[in-house]
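A.B. asks: So here's final_32.txt (compact mmCIF, C-alpha atoms).
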```txt
# COMPACT_ATOMS: atom_id res chain seq x y z
CA MET B 1 220.46 51.91 77.12
CA TYR B 2 217.14 50.13 76.54
CA PRO B 3 214.95 49.88 73.46
CA LYS B 4 212.32 52.63 73.49
CA SER B 5 209.46 50.21 74.20
CA ILE B 6 211.22 48.92 77.33
CA GLU B 7 212.07 52.45 78.49
CA LYS B 8 208.42 53.43 78.07
CA LEU B 9 207.16 50.48 80.14
CA ILE B 10 209.74 51.05 82.89
CA SER B 11 208.71 54.70 83.02
CA SER B 12 205.04 53.72 83.31
CA LEU B 13 205.64 51.10 86.02
CA LYS B 14 207.68 53.57 88.10
CA LYS B 15 204.52 55.63 88.54
CA PHE B 16 203.05 52.89 90.75
CA PRO B 17 203.46 53.42 94.52
CA GLY B 18 206.51 51.62 95.92
CA ILE B 19 207.94 50.79 92.48
CA GLY B 20 211.42 52.16 91.85
CA GLU B 21 213.76 51.85 88.87
CA ARG B 22 215.11 48.37 89.71
CA THR B 23 211.72 46.88 90.55
CA ALA B 24 210.30 48.31 87.33
CA GLU B 25 213.18 46.73 85.38
CA ARG B 26 212.55 43.33 87.01
CA LEU B 27 208.84 43.54 86.19
CA VAL B 28 209.59 44.41 82.56
CA TYR B 29 211.90 41.44 82.18
CA TYR B 30 209.31 39.22 83.83
CA ILE B 31 206.72 40.42 81.31
CA ILE B 32 209.14 39.87 78.41
CA HIS B 33 209.69 36.25 79.47
CA GLN B 34 205.97 35.51 79.96
CA GLU B 35 203.94 33.76 77.30
CA LYS B 36 202.19 36.27 75.05
CA TYR B 37 198.71 35.17 76.16
CA GLU B 38 199.64 35.81 79.84
CA THR B 39 200.83 39.33 79.03
CA LEU B 40 197.66 40.00 77.05
CA GLU B 41 195.56 38.73 79.99
CA LEU B 42 197.30 41.26 82.24
CA ALA B 43 196.75 44.08 79.74
CA ASP B 44 193.10 43.07 79.36
CA ALA B 45 192.60 42.97 83.15
CA ILE B 46 193.96 46.53 83.46
CA LYS B 47 191.73 47.73 80.61
CA THR B 48 188.69 46.01 82.13
CA ILE B 49 189.21 47.78 85.47
CA LYS B 50 189.34 51.15 83.76
CA ASP B 51 186.24 50.32 81.71
CA THR B 52 184.07 48.81 84.44
CA ILE B 53 185.01 50.23 87.86
CA LYS B 54 182.88 53.16 89.02
CA ILE B 55 182.73 55.34 92.14
CA CYS B 56 179.51 54.74 94.07
CA ASP B 57 177.38 57.90 94.21
CA GLU B 58 176.26 56.98 97.74
CA CYS B 59 179.30 55.79 99.72
CA CYS B 60 182.13 56.63 97.29
CA THR B 61 183.63 53.14 97.23
CA VAL B 62 184.74 51.47 94.01
CA SER B 63 182.36 49.00 92.40
CA GLU B 64 181.23 47.56 89.11
CA GLN B 65 177.77 49.00 89.71
CA ASN B 66 176.47 52.37 90.87
CA PRO B 67 175.13 52.47 93.56
CA CYS B 68 177.36 49.68 94.87
CA GLU B 69 176.24 46.25 96.09
CA ILE B 70 176.39 47.30 99.75
CA CYS B 71 174.36 50.48 99.32
CA VAL B 72 171.54 48.69 97.46
CA ASN B 73 171.45 45.74 99.87
CA LYS B 74 168.13 46.04 101.74
CA LYS B 75 169.44 43.89 104.60
CA ARG B 76 172.05 46.49 105.60
CA ASP B 77 171.40 48.70 108.62
CA LYS B 78 170.92 52.16 107.08
CA SER B 79 171.01 53.89 110.48
CA THR B 80 174.78 53.35 110.88
CA ILE B 81 177.62 54.54 108.66
CA CYS B 82 181.22 53.41 109.10
CA ILE B 83 183.69 56.00 107.77
CA VAL B 84 186.94 54.63 106.32
CA GLU B 85 189.87 56.10 104.45
CA GLN B 86 190.06 53.77 101.45
CA PRO B 87 188.00 51.04 99.72
CA LYS B 88 190.55 48.47 100.91
CA ASP B 89 189.65 49.41 104.51
CA LEU B 90 185.98 48.76 103.72
CA TRP B 91 186.90 45.32 102.33
CA ALA B 92 188.96 44.54 105.45
CA ILE B 93 185.94 45.26 107.67
CA GLU B 94 183.65 43.24 105.40
CA LYS B 95 186.00 40.25 105.72
CA ALA B 96 185.62 40.44 109.51
CA ALA B 97 181.84 39.87 109.00
CA ILE B 98 180.93 41.93 112.09
CA PHE B 99 179.44 45.11 110.62
CA SER B 100 176.08 45.20 108.85
CA GLY B 101 175.64 48.93 108.30
CA LEU B 102 176.64 51.21 105.43
CA TYR B 103 180.00 52.84 104.68
CA HIS B 104 181.49 56.09 103.55
CA VAL B 105 184.92 56.10 101.86
CA LEU B 106 186.97 59.28 102.20
CA HIS B 107 189.61 58.32 99.60
CA GLY B 108 192.46 59.40 101.84
CA ALA B 109 193.27 61.21 105.06
CA ILE B 110 194.10 64.82 105.83
CA ALA B 111 197.84 65.24 105.28
CA PRO B 112 198.82 68.87 104.57
CA LEU B 113 202.51 67.98 104.13
CA ASP B 114 201.47 65.74 101.22
CA GLY B 115 199.08 68.35 99.83
CA VAL B 116 195.94 66.49 100.97
CA TYR B 117 193.33 68.73 102.61
CA GLU B 118 189.74 68.15 103.66
CA ARG B 119 188.55 69.55 100.32
CA ASN B 120 190.42 66.73 98.53
CA LEU B 121 188.39 64.08 100.38
CA THR B 122 184.70 63.15 100.20
CA ILE B 123 183.89 64.87 103.51
CA THR B 124 181.35 67.30 102.02
CA LYS B 125 179.49 64.38 100.47
CA LEU B 126 179.51 62.61 103.86
CA LEU B 127 178.08 65.64 105.65
CA ASN B 128 175.35 65.95 103.01
CA ARG B 129 174.46 62.28 103.58
CA LEU B 130 174.25 62.80 107.34
CA HIS B 131 172.17 65.95 106.90
CA SER B 132 169.60 64.38 104.59
CA SER B 133 169.25 60.84 105.96
CA ASN B 134 168.07 58.99 109.07
CA VAL B 135 171.55 57.99 110.20
CA LYS B 136 171.74 57.59 113.99
CA GLU B 137 175.41 56.62 114.39
CA THR B 138 178.69 57.17 112.59
CA ILE B 139 181.64 54.91 113.36
CA ILE B 140 184.89 56.63 112.46
CA ALA B 141 187.39 53.97 111.42
CA THR B 142 190.29 56.06 110.20
CA ASN B 143 193.68 54.39 110.47
CA PRO B 144 195.73 54.80 113.67
CA THR B 145 198.29 57.13 112.08
CA ILE B 146 199.04 60.85 112.46
CA GLU B 147 196.97 61.54 109.32
CA GLY B 148 194.17 59.27 110.52
CA GLU B 149 194.03 61.07 113.87
CA ALA B 150 193.93 64.48 112.19
CA THR B 151 191.09 63.28 109.97
CA PHE B 152 189.26 61.82 112.97
CA SER B 153 189.41 65.12 114.87
CA PHE B 154 188.23 67.09 111.85
CA LEU B 155 185.32 64.70 111.25
CA VAL B 156 184.19 64.88 114.87
CA ASP B 157 184.04 68.68 114.71
CA GLN B 158 182.20 68.65 111.39
CA ILE B 159 179.65 66.01 112.39
CA LYS B 160 178.95 67.71 115.72
CA SER B 161 178.41 71.01 113.90
CA LEU B 162 175.42 69.46 112.08
CA LYS B 163 173.59 69.42 115.45
CA ASN B 164 171.30 66.60 114.33
CA GLY B 165 172.05 64.26 117.23
CA VAL B 166 174.06 61.71 115.26
CA LYS B 167 176.05 59.56 117.67
CA ILE B 168 179.80 59.52 116.92
CA SER B 169 181.83 56.41 117.73
CA ARG B 170 185.33 55.34 116.85
CA ILE B 171 186.73 51.86 116.55
CA ALA B 172 188.62 50.70 119.64
CA ARG B 173 192.37 50.63 119.67
CA GLY B 174 192.68 46.90 119.15
CA ILE B 175 194.49 48.01 116.02
CA PRO B 176 198.09 49.05 116.82
CA TYR B 177 199.06 52.67 116.26
CA GLY B 178 200.87 53.14 112.97
CA TYR B 179 199.26 50.12 111.27
CA THR B 180 196.56 50.29 108.60
CA LEU B 181 193.29 48.35 108.50
CA GLU B 182 194.14 46.51 105.31
CA TYR B 183 196.87 44.49 107.11
CA GLN B 184 194.84 43.52 110.19
CA ASN B 185 193.39 40.06 110.60
CA PRO B 186 189.58 39.76 110.74
CA GLU B 187 189.55 38.93 114.47
CA THR B 188 191.46 42.12 115.35
CA ILE B 189 189.03 44.19 113.27
CA LYS B 190 186.07 42.39 114.87
CA ILE B 191 187.32 43.28 118.37
CA ALA B 192 187.95 46.90 117.34
CA ILE B 193 184.44 47.28 115.90
CA GLU B 194 182.74 45.58 118.88
CA ALA B 195 184.67 47.66 121.43
CA ARG B 196 184.07 51.01 119.74
CA LYS B 197 183.59 54.04 121.99
CA GLU B 198 181.23 56.94 121.71
CA VAL B 199 183.04 60.25 121.19
```
Re-express the file's structure as structure tokens.
C.D. replies:
Amino acid sequence: MYPKSIEKLISSLKKFPGIGERTAERLVYYIIHQEKYETLELADAIKTIKDTIKICDECCTVSEQNPCEICVNKKRDKSTICIVEQPKDLWAIEKAAIFSGLYHVLHGAIAPLDGVYERNLTITKLLNRLHSSNVKETIIATNPTIEGEATFSFLVDQIKSLKNGVKISRIARGIPYGYTLEYQNPETIKIAIEARKEV
């Protein structure tokens, strides 16, 4: 039906989350009608991300340097770690400009039905950080979803099992159940962080 080059690009675009056959077709035709330099800019931007983005050895976020800018910032409060599911959640909290501690990115939430278990996340790395550092408080900021709640409960049990006196808090429920951090406005995130509760 399509030339092989178009079929190949449609097939590649369909691998993106939320992109189906029709959306992939529309994107391909958009690319075809773009000026060549614009298409090459897009291709170059994708290549640059793959060449330059690294996973921070400390907090597991994505960054162009390792350790990341937040972990090496001497002004950050190293006694507090905020635990989030994804880098985009970290960026949402940073936009709220209310938190000055460090982060830990799990890269997902426990979701057995989707084949995601605790071993697939960076939980072991988190526990090693808590065991070998002077962290006094962890703020668990998993998303208010079924998977986020399951991850929260698992983290509480694991952190308490360290028996090192680390305080465990969670962000307040200013964020509606079923919504993710990335779509919250900074003021809502600010309220949730300020009104966090000890577990």
A.B. asks: Measuring between only C-alpha atoms, which one of B:Cys56, B:Ala141, B:Leu155, B:Ala92 shows the shortest distance to B:Lys197?
C.D. replies: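 Smallest distance to B:Lys197 is found for B:Ala141.
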A.B. asks: Please indicate the distance in Å from atom CA of B:Ile140 to atom CA of B:Ile53, rounded to one decimal place.
C.D. replies: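 Atom CA of B:Ile140 sits 25.4 Å away from atom CA of B:Ile53.
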A.B. asks: Would you mind listing what lies within 9 Å of B:His107 as a list in words, with only C-alpha atoms counted and same-chain residues fewer than 5 positions away left out?
C.D. replies: Cys60, Thr61, Val84, Glu85, Gln86, Pro87, Asn120, Leu121 and Thr122 of chain B
A.B. asks: Would you export the selected residues with C-alpha atoms as a PDB file, keeping the file's coordinate frame, please?
C.D. replies:
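The new file result20.pdb reads:
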```pdb
ATOM      1  CA  CYS B  60     182.130  56.630  97.290  1.00  0.00           C
ATOM      2  CA  THR B  61     183.630  53.140  97.230  1.00  0.00           C
ATOM      3  CA  VAL B  84     186.940  54.630 106.320  1.00  0.00           C
ATOM      4  CA  GLU B  85     189.870  56.100 104.450  1.00  0.00           C
ATOM      5  CA  GLN B  86     190.060  53.770 101.450  1.00  0.00           C
ATOM      6  CA  PRO B  87     188.000  51.040  99.720  1.00  0.00           C
ATOM      7  CA  ASN B 120     190.420  66.730  98.530  1.00  0.00           C
ATOM      8  CA  LEU B 121     188.390  64.080 100.380  1.00  0.00           C
ATOM      9  CA  THR B 122     184.700  63.150 100.200  1.00  0.00           C
TER      10      THR B 122
END
```
A.B. asks: For B:Val28, find every residue with an atom within 8 Å (counting only C-alpha atoms), except residues of its own chain fewer than 4 positions away, and show them as a list of chain:residue names.
C.D. replies: B:Ile6, B:Leu9, B:Ile10, B:Ala24, B:Ile32
A.B. asks: Can you tell me, as an MDAnalysis selection string, what residues are no more than 12 Å from B:Leu27 when counting only C-alpha atoms, ignoring any on the same chain fewer than 4 positions away?
C.D. replies: chainID B and resid 6 9:14 16 19:23 31:34 39
A.B. asks: Grab the atom CA of B:Val135 to atom CA of B:Thr188 distance for me, in Å with one decimal place.
C.D. replies: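 It comes out at 26.0 Å.
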A.B. asks: Please report the interatomic distance between atom CA of B:Arg196 and atom CA of B:Cys68 in Å with one decimal.
C.D. replies: 25.8 Å
A.B. asks: Determine, counting only C-alpha atoms, which protein, DNA and RNA residues have an atom within 10 Å of an atom of B:Cys59; residues of the same chain fewer than 5 positions away are not included. Present the result as a count of residues only.
C.D. replies: 18
A.B. asks: Have a look at B:Glu25, B:Thr138, B:Ile189, B:Leu162 and name the one nearest to B:Thr124; count all atoms listed in the file.
C.D. replies: B:Leu162
A.B. asks: Which residue, B:Glu198, B:Glu149, B:Glu7, B:Glu137, has the smallest gap to B:Thr80 when you use all atoms listed in the file?
C.D. replies: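 Among the listed residues, B:Glu137 lies closest to B:Thr80.
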A.B. asks: Name all residues at most 8 Å from B:Lys190 (count only C-alpha atoms; drop same-chain ones fewer than 3 positions away) and give them as number ranges by chain.
C.D. replies: B: 93, 96-98, 186-187, 193-194
A.B. asks: Quick one: of B:Val166, B:Ser161, B:Asp77, B:Phe154, who's nearest to B:Arg119, counting only C-alpha atoms?
C.D. replies: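 Nearest to B:Arg119: B:Phe154.
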A.B. asks: Restricting the calculation to all atoms listed in the file, which member of B:Ala195, B:Ile123, B:Leu42, B:Ala150 is positioned closest to B:Ile110?
C.D. replies: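 Checking each candidate against B:Ile110, we get B:Ala150 as the closest.
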A.B. asks: Hey, can I get the axis-aligned box for stretch 149-155 of chain B? All listed atoms, 5 Å padding on each side, centre and edge lengths in Å to one decimal, as lines of an AutoDock Vina configuration file.
C.D. replies:
```
center_x = 189.7
center_y = 64.1
center_z = 112.4
size_x = 18.7
size_y = 16.0
size_z = 14.9
```
A.B. asks: Identify which of the residues B:Leu130, B:Ile139, B:Ala111, B:Ser169 lies closest to B:Thr151, counting only C-alpha atoms when measuring atom-to-atom distances.
C.D. replies: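 Once distances to B:Thr151 are computed over only C-alpha atoms, the minimum belongs to B:Ala111.
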A.B. asks: Is there a way to complete stretch 135-146 of chain B with all heavy atoms and then write that out as a PDB file, in the frame of the given file?
C.D. replies:
```
ATOM      1  N   VAL B 135     170.416  58.631 109.543  1.00  0.00           N
ATOM      2  CA  VAL B 135     171.550  57.990 110.200  1.00  0.00           C
ATOM      3  C   VAL B 135     171.563  58.372 111.677  1.00  0.00           C
ATOM      4  O   VAL B 135     171.445  59.546 112.034  1.00  0.00           O
ATOM      5  CB  VAL B 135     172.881  58.400 109.529  1.00  0.00           C
ATOM      6  CG1 VAL B 135     174.073  57.835 110.286  1.00  0.00           C
ATOM      7  CG2 VAL B 135     172.903  57.947 108.086  1.00  0.00           C
ATOM      8  N   LYS B 136     171.718  57.360 112.537  1.00  0.00           N
ATOM      9  CA  LYS B 136     171.740  57.590 113.990  1.00  0.00           C
ATOM     10  C   LYS B 136     173.145  57.504 114.571  1.00  0.00           C
ATOM     11  O   LYS B 136     173.409  58.049 115.627  1.00  0.00           O
ATOM     12  CB  LYS B 136     170.833  56.569 114.686  1.00  0.00           C
ATOM     13  CG  LYS B 136     169.351  56.723 114.351  1.00  0.00           C
ATOM     14  CD  LYS B 136     168.515  55.717 115.128  1.00  0.00           C
ATOM     15  CE  LYS B 136     167.023  55.960 114.955  1.00  0.00           C
ATOM     16  NZ  LYS B 136     166.568  55.806 113.588  1.00  0.00           N
ATOM     17  N   GLU B 137     174.054  56.784 113.869  1.00  0.00           N
ATOM     18  CA  GLU B 137     175.410  56.620 114.390  1.00  0.00           C
ATOM     19  C   GLU B 137     176.422  56.612 113.257  1.00  0.00           C
ATOM     20  O   GLU B 137     176.191  56.018 112.207  1.00  0.00           O
ATOM     21  CB  GLU B 137     175.546  55.312 115.179  1.00  0.00           C
ATOM     22  CG  GLU B 137     176.952  55.098 115.738  1.00  0.00           C
ATOM     23  CD  GLU B 137     177.144  53.752 116.419  1.00  0.00           C
ATOM     24  OE1 GLU B 137     176.272  52.869 116.282  1.00  0.00           O
ATOM     25  OE2 GLU B 137     178.176  53.587 117.085  1.00  0.00           O
ATOM     26  N   THR B 138     177.544  57.283 113.490  1.00  0.00           N
ATOM     27  CA  THR B 138     178.690  57.170 112.590  1.00  0.00           C
ATOM     28  C   THR B 138     179.820  56.519 113.381  1.00  0.00           C
ATOM     29  O   THR B 138     180.083  56.895 114.525  1.00  0.00           O
ATOM     30  CB  THR B 138     179.174  58.552 112.087  1.00  0.00           C
ATOM     31  OG1 THR B 138     179.475  59.387 113.205  1.00  0.00           O
ATOM     32  CG2 THR B 138     178.131  59.212 111.211  1.00  0.00           C
ATOM     33  N   ILE B 139     180.458  55.544 112.765  1.00  0.00           N
ATOM     34  CA  ILE B 139     181.640  54.910 113.360  1.00  0.00           C
ATOM     35  C   ILE B 139     182.830  55.380 112.552  1.00  0.00           C
ATOM     36  O   ILE B 139     182.947  55.072 111.365  1.00  0.00           O
ATOM     37  CB  ILE B 139     181.543  53.369 113.297  1.00  0.00           C
ATOM     38  CG1 ILE B 139     180.276  52.871 113.974  1.00  0.00           C
ATOM     39  CG2 ILE B 139     182.779  52.732 113.935  1.00  0.00           C
ATOM     40  CD1 ILE B 139     179.996  51.400 113.729  1.00  0.00           C
ATOM     41  N   ILE B 140     183.715  56.132 113.176  1.00  0.00           N
ATOM     42  CA  ILE B 140     184.890  56.630 112.460  1.00  0.00           C
ATOM     43  C   ILE B 140     186.000  55.588 112.581  1.00  0.00           C
ATOM     44  O   ILE B 140     186.471  55.290 113.677  1.00  0.00           O
ATOM     45  CB  ILE B 140     185.341  58.000 113.010  1.00  0.00           C
ATOM     46  CG1 ILE B 140     184.200  59.019 112.898  1.00  0.00           C
ATOM     47  CG2 ILE B 140     186.569  58.490 112.232  1.00  0.00           C
ATOM     48  CD1 ILE B 140     184.505  60.376 113.495  1.00  0.00           C
ATOM     49  N   ALA B 141     186.379  55.033 111.441  1.00  0.00           N
ATOM     50  CA  ALA B 141     187.390  53.970 111.420  1.00  0.00           C
ATOM     51  C   ALA B 141     188.598  54.397 110.602  1.00  0.00           C
ATOM     52  O   ALA B 141     189.089  53.655 109.756  1.00  0.00           O
ATOM     53  CB  ALA B 141     186.772  52.682 110.846  1.00  0.00           C
ATOM     54  N   THR B 142     189.066  55.626 110.853  1.00  0.00           N
ATOM     55  CA  THR B 142     190.290  56.060 110.200  1.00  0.00           C
ATOM     56  C   THR B 142     191.454  55.282 110.792  1.00  0.00           C
ATOM     57  O   THR B 142     191.375  54.764 111.904  1.00  0.00           O
ATOM     58  CB  THR B 142     190.514  57.572 110.395  1.00  0.00           C
ATOM     59  OG1 THR B 142     190.418  57.888 111.790  1.00  0.00           O
ATOM     60  CG2 THR B 142     189.494  58.386 109.623  1.00  0.00           C
ATOM     61  N   ASN B 143     192.537  55.189 110.026  1.00  0.00           N
ATOM     62  CA  ASN B 143     193.680  54.390 110.470  1.00  0.00           C
ATOM     63  C   ASN B 143     194.412  55.064 111.627  1.00  0.00           C
ATOM     64  O   ASN B 143     194.422  56.294 111.738  1.00  0.00           O
ATOM     65  CB  ASN B 143     194.632  54.161 109.291  1.00  0.00           C
ATOM     66  CG  ASN B 143     194.063  53.173 108.298  1.00  0.00           C
ATOM     67  OD1 ASN B 143     193.726  52.051 108.654  1.00  0.00           O
ATOM     68  ND2 ASN B 143     193.933  53.586 107.053  1.00  0.00           N
ATOM     69  N   PRO B 144     195.013  54.249 112.507  1.00  0.00           N
ATOM     70  CA  PRO B 144     195.730  54.800 113.670  1.00  0.00           C
ATOM     71  C   PRO B 144     197.101  55.346 113.283  1.00  0.00           C
ATOM     72  O   PRO B 144     198.143  54.809 113.632  1.00  0.00           O
ATOM     73  CB  PRO B 144     195.836  53.597 114.620  1.00  0.00           C
ATOM     74  CG  PRO B 144     195.806  52.411 113.720  1.00  0.00           C
ATOM     75  CD  PRO B 144     194.959  52.783 112.537  1.00  0.00           C
ATOM     76  N   THR B 145     197.078  56.432 112.511  1.00  0.00           N
ATOM     77  CA  THR B 145     198.290  57.130 112.080  1.00  0.00           C
ATOM     78  C   THR B 145     198.096  58.616 112.388  1.00  0.00           C
ATOM     79  O   THR B 145     196.994  59.039 112.750  1.00  0.00           O
ATOM     80  CB  THR B 145     198.510  56.960 110.566  1.00  0.00           C
ATOM     81  OG1 THR B 145     197.367  57.506 109.875  1.00  0.00           O
ATOM     82  CG2 THR B 145     198.670  55.494 110.175  1.00  0.00           C
ATOM     83  N   ILE B 146     199.144  59.402 112.223  1.00  0.00           N
ATOM     84  CA  ILE B 146     199.040  60.850 112.460  1.00  0.00           C
ATOM     85  C   ILE B 146     197.963  61.441 111.550  1.00  0.00           C
ATOM     86  O   ILE B 146     197.118  62.225 111.977  1.00  0.00           O
ATOM     87  CB  ILE B 146     200.397  61.537 112.223  1.00  0.00           C
ATOM     88  CG1 ILE B 146     201.395  61.099 113.296  1.00  0.00           C
ATOM     89  CG2 ILE B 146     200.245  63.055 112.212  1.00  0.00           C
ATOM     90  CD1 ILE B 146     202.823  61.524 113.041  1.00  0.00           C
TER      91      ILE B 146
END
```
